[in-house]
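Below is my_file.cif, which holds mmCIF, C-alpha atoms.
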```
data_coords
#
loop_
_atom_site.label_atom_id
_atom_site.label_comp_id
_atom_site.auth_asym_id
_atom_site.auth_seq_id
_atom_site.Cartn_x
_atom_site.Cartn_y
_atom_site.Cartn_z
CA MET M 9 -5.07 -14.79 -12.08
CA ARG M 10 -8.13 -16.98 -11.97
CA SER M 11 -6.55 -19.40 -9.50
CA TRP M 12 -5.26 -16.76 -7.08
CA PHE M 13 -7.96 -14.09 -7.25
CA VAL M 14 -11.16 -15.32 -8.95
CA ASP M 15 -12.07 -19.01 -8.61
CA ASP M 16 -13.91 -19.60 -5.33
CA ALA M 17 -12.24 -22.97 -4.77
CA THR M 18 -8.66 -21.67 -5.01
CA ARG M 19 -8.60 -17.89 -4.59
CA MET M 20 -6.86 -16.12 -1.72
CA ASN M 21 -9.00 -14.31 0.78
CA PRO M 22 -8.72 -10.55 0.14
CA ASN M 23 -6.86 -9.81 3.37
CA MET M 24 -3.58 -10.29 5.15
CA ARG M 25 -5.19 -11.49 8.36
CA TYR M 26 -2.57 -14.18 9.04
CA ALA M 27 0.51 -12.40 7.68
CA GLN M 28 3.56 -12.79 9.88
CA ALA M 29 1.70 -15.04 12.30
CA ILE M 30 3.82 -16.53 15.09
CA LYS M 31 2.60 -19.89 16.36
CA GLY M 32 1.66 -19.67 20.02
CA HIS M 33 2.08 -15.89 20.06
CA CYS M 34 -0.22 -14.25 17.49
CA ASP M 35 -2.41 -15.24 14.56
CA GLY M 36 -1.19 -12.36 12.39
CA ARG M 37 0.21 -8.85 12.62
CA GLY M 38 -0.36 -5.56 10.87
CA ILE M 39 3.33 -5.40 9.99
CA GLY M 40 2.71 -8.39 7.71
CA ILE M 41 0.73 -6.20 5.31
CA ILE M 42 3.99 -5.00 3.79
CA ASP M 43 4.44 -8.55 2.49
CA ALA M 44 1.60 -7.89 0.00
CA SER M 45 3.57 -5.02 -1.55
CA CYS M 46 4.49 -7.23 -4.50
CA LEU M 47 0.86 -7.06 -5.62
CA ARG M 48 1.47 -3.45 -6.75
CA GLY M 49 3.39 -4.71 -9.79
CA LEU M 50 0.62 -7.19 -10.50
CA VAL M 51 -1.94 -4.39 -10.55
CA HIS M 52 0.16 -2.45 -13.06
CA GLY M 53 0.39 -5.57 -15.23
CA LEU M 54 -3.34 -6.23 -14.94
CA THR M 55 -4.06 -2.71 -16.13
CA PHE M 56 -2.14 -3.55 -19.29
CA LEU M 57 -3.61 -7.05 -19.70
CA ALA M 58 -7.16 -5.76 -19.30
CA ARG M 59 -6.65 -3.76 -22.51
CA THR M 60 -5.65 -6.74 -24.63
CA PRO M 61 -8.13 -8.69 -26.77
CA ALA M 62 -7.00 -12.02 -25.27
CA TRP M 63 -8.16 -11.05 -21.78
CA PRO M 64 -11.59 -12.51 -20.92
CA GLU M 65 -14.16 -9.74 -20.53
CA ALA M 66 -15.29 -10.85 -17.05
CA GLN M 67 -11.74 -11.13 -15.69
CA PRO M 68 -11.06 -7.44 -14.95
CA ALA M 69 -14.34 -7.10 -13.03
CA ALA M 70 -13.61 -10.19 -10.92
CA LEU M 71 -10.08 -8.98 -10.15
CA GLY M 72 -11.42 -5.52 -9.40
CA GLU M 73 -13.84 -7.06 -6.90
CA TRP M 74 -10.99 -8.86 -5.13
CA PHE M 75 -8.88 -5.70 -4.91
CA SER M 76 -11.89 -3.63 -3.86
CA ASP M 77 -12.49 -6.08 -1.01
CA PHE M 78 -8.78 -5.94 -0.16
CA VAL M 79 -8.83 -2.11 -0.01
CA HIS M 80 -11.87 -2.31 2.27
CA TRP M 81 -10.08 -4.75 4.58
CA LEU M 82 -6.88 -2.67 4.60
CA THR M 83 -8.77 0.49 5.53
CA THR M 84 -11.13 -0.97 8.15
CA HIS M 85 -9.50 -3.97 9.85
CA PRO M 86 -7.45 -3.30 13.03
CA GLN M 87 -4.33 -4.78 11.39
CA GLY M 88 -4.67 -2.36 8.48
CA ILE M 89 -5.25 0.55 10.83
CA ASP M 90 -2.17 -0.47 12.85
CA GLU M 91 -0.07 -0.49 9.70
CA ARG M 92 -1.42 2.89 8.60
CA ASN M 93 -0.43 4.32 12.01
CA ALA M 94 3.12 2.92 12.01
CA LEU M 95 5.91 5.47 12.23
CA ASN M 96 8.21 4.00 9.60
CA ASN M 97 8.35 2.43 6.14
CA HIS M 98 5.45 0.15 7.04
CA ALA M 99 3.04 3.09 6.97
CA THR M 100 4.70 4.39 3.81
CA TYR M 101 4.15 1.11 1.97
CA TYR M 102 0.65 0.85 3.39
CA VAL M 103 -0.13 4.16 1.64
CA VAL M 104 1.61 3.04 -1.56
CA GLN M 105 -0.37 -0.20 -1.61
CA VAL M 106 -3.77 1.21 -0.71
CA ALA M 107 -3.45 4.11 -3.17
CA THR M 108 -2.35 1.76 -5.98
CA TYR M 109 -5.18 -0.70 -5.41
CA ALA M 110 -7.74 2.09 -4.95
CA ILE M 111 -6.74 3.61 -8.31
CA PHE M 112 -7.10 0.17 -9.90
CA VAL M 113 -10.66 -0.20 -8.62
CA GLY M 114 -11.64 3.44 -9.17
CA ASN M 115 -11.98 4.42 -5.51
CA GLY M 116 -10.92 8.06 -5.69
CA GLU M 117 -12.00 8.83 -2.15
CA VAL M 118 -9.49 6.34 -0.76
CA VAL M 119 -6.75 7.60 -3.11
CA ASP M 120 -7.31 11.17 -1.89
CA ASP M 121 -7.28 9.97 1.72
CA MET M 122 -3.94 8.20 1.20
CA LEU M 123 -2.37 11.29 -0.41
CA ASP M 124 -3.69 13.45 2.44
CA HIS M 125 -2.22 10.96 4.91
CA TYR M 126 1.17 11.36 3.24
CA ARG M 127 0.93 15.17 3.40
CA ASN M 128 -0.41 15.45 6.93
CA VAL M 129 1.07 12.43 8.73
CA LEU M 130 3.77 10.44 6.95
CA LEU M 131 6.04 13.21 5.79
CA PRO M 132 5.75 15.42 8.91
CA GLU M 133 6.14 12.51 11.34
CA GLN M 134 8.80 10.51 9.50
CA MET M 135 11.11 13.11 7.97
CA GLU M 136 13.06 15.90 9.62
CA PRO M 137 13.68 19.22 7.82
CA ASP M 138 17.25 18.02 7.07
CA GLY M 139 15.85 15.01 5.17
CA SER M 140 16.68 12.40 7.80
CA CYS M 141 14.18 9.76 8.83
CA PRO M 142 14.91 9.03 12.51
CA TRP M 143 12.52 6.08 12.72
CA GLU M 144 14.53 4.30 10.01
CA GLU M 145 17.94 5.47 11.20
CA ARG M 146 17.56 3.86 14.62
CA ARG M 147 16.96 0.42 13.05
CA THR M 148 19.66 -2.21 12.66
CA SER M 149 19.81 -1.89 8.85
CA SER M 150 19.32 1.85 8.84
CA LEU M 151 20.66 2.56 5.35
CA GLY M 152 18.48 -0.10 3.74
CA TYR M 153 15.37 0.98 5.62
CA SER M 154 16.03 4.66 4.91
CA LEU M 155 16.42 3.98 1.19
CA MET M 156 13.33 1.78 1.19
CA ASN M 157 11.31 4.52 2.87
CA MET M 158 12.56 7.16 0.40
CA GLU M 159 11.62 4.86 -2.48
CA GLY M 160 8.12 4.56 -0.99
CA PHE M 161 7.87 8.35 -0.60
CA ALA M 162 8.90 8.73 -4.25
CA GLU M 163 6.30 6.18 -5.33
CA ILE M 164 3.60 8.10 -3.42
CA CYS M 165 4.69 11.32 -5.15
CA GLU M 166 4.53 9.58 -8.53
CA ILE M 167 1.06 8.20 -7.77
CA ALA M 168 -0.02 11.73 -6.82
CA HIS M 169 1.46 13.10 -10.04
CA HIS M 170 -0.65 10.70 -12.12
CA TRP M 171 -3.63 11.56 -9.91
CA GLY M 172 -3.18 15.25 -10.73
CA GLN M 173 -1.53 16.35 -7.49
CA ASP M 174 2.01 17.62 -6.97
CA LEU M 175 3.60 16.06 -3.92
CA TRP M 176 7.10 16.27 -5.38
CA ASN M 177 7.19 19.95 -4.39
CA PHE M 178 5.12 19.68 -1.22
CA VAL M 179 6.73 21.26 1.85
CA THR M 180 5.46 20.80 5.40
CA PRO M 181 5.03 23.86 7.63
CA GLU M 182 8.27 22.79 9.36
CA GLY M 183 10.14 22.90 6.08
#
```
Could I get this structure in the form of structure tokens?
Amino acid sequence: MRSWFVDDATRMNPNMRYAQAIKGHCDGRGIGIIDASCLRGLVHGLTFLARTPAWPEAQPAALGEWFSDFVHWLTTHPQGIDERNALNNHATYYVVQVATYAIFVGNGEVVDDMLDHYRNVLLPEQMEPDGSCPWEERRTSSLGYSLMNMEGFAEICEIAHHWGQDLWNFVTPEG
């Protein structure tokens, strides 16, 4: 954790600025943010490790600073905004990631914003009343993308549950 997130000489920058860069075409793309999704599991593990006596006292604060900076970048940088505005699983996993990291760093305002985004944008724009997700179904691996998106929706609902909100039973005005 120290090497990747804390030590100035070796730590990653708290952004995905160069994710999915294509030499000669672009330096990075918003769609590359989904590649950081694996950090969700790390955050869950860090929450556990931070409660153990072997964990150095300064470590959780330093990791929290990194993730706080990452949340700021995700919610303000054009690449993050592009990913938030996607019409498929990319936006879903953007919400999953940002909400998870915001909970970790205690940023309730951002968590609430992500849950509102699910209610008001993701679900109404991505899912039809019959449960289909047309943006995923028109892709080449439609079953895989549809399942991935549903898994992300479920994860958002579970995050909301632990945050004291019920999105499992949420219904849009369109049904």
Please identify every residue of stretch 86-171 of chain M that has at least one atom no farther than 10 Å from an atom of stretch 35-59 of chain M, counting all atoms listed in the file, and for each give the shortest atom pair and the distance in Å to one decimal, arranged by chain then increasing number, as CSV.
```
residue,atom,partner,partner_atom,distance
M:Pro86,CA,M:Gly38,CA,7.7
M:Gln87,CA,M:Gly38,CA,4.1
M:Gly88,CA,M:Gly38,CA,5.9
M:Ile89,CA,M:Gly38,CA,7.8
M:Asp90,CA,M:Gly38,CA,5.8
M:Glu91,CA,M:Gly38,CA,5.2
M:Arg92,CA,M:Gly38,CA,8.8
M:Asn93,CA,M:Gly38,CA,9.9
M:Ala94,CA,M:Ile39,CA,8.6
M:Asn97,CA,M:Ile42,CA,8.9
M:His98,CA,M:Ile42,CA,6.3
M:Ala99,CA,M:Ile42,CA,8.7
M:Thr100,CA,M:Ile42,CA,9.4
M:Tyr101,CA,M:Ile42,CA,6.4
M:Tyr102,CA,M:Ile42,CA,6.7
M:Val104,CA,M:Ser45,CA,8.3
M:Gln105,CA,M:Ser45,CA,6.2
M:Val106,CA,M:Arg48,CA,9.3
M:Ala107,CA,M:Arg48,CA,9.7
M:Thr108,CA,M:Arg48,CA,6.5
M:Tyr109,CA,M:Val51,CA,7.1
M:Ile111,CA,M:Val51,CA,9.6
M:Phe112,CA,M:Val51,CA,6.9
M:Val113,CA,M:Val51,CA,9.9
```
What is the distance, in Å and to one decimal place, between atom CA of M:Ala110 and atom CA of M:Phe75?
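Going from atom CA of M:Ala110 over to atom CA of M:Phe75, I get 7.9 Å.
Put simply, the PyMOL selection byres ((chain M and resi 20) around 12) in this file takes in Met9, Arg10, Ser11, Trp12, Phe13, Val14, Asp15, Asp16, Ala17, Thr18, Arg19, Asn21, Pro22, Asn23, Met24, Arg25, Tyr26, Ala44, Leu71, Trp74, Phe75, Asp77 and Phe78 of chain M.
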Min atom-atom distance to M:Gly160 from the set M:Ala29, M:Leu130, M:Ala70, M:Val118, counting only C-alpha atoms, belongs to M:Leu130
What's the separation between atom CA of M:Glu144 and atom CA of M:Pro132, in Å to one decimal place?
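Computed distance, atom CA of M:Glu144 to atom CA of M:Pro132, equals 14.2 Å.
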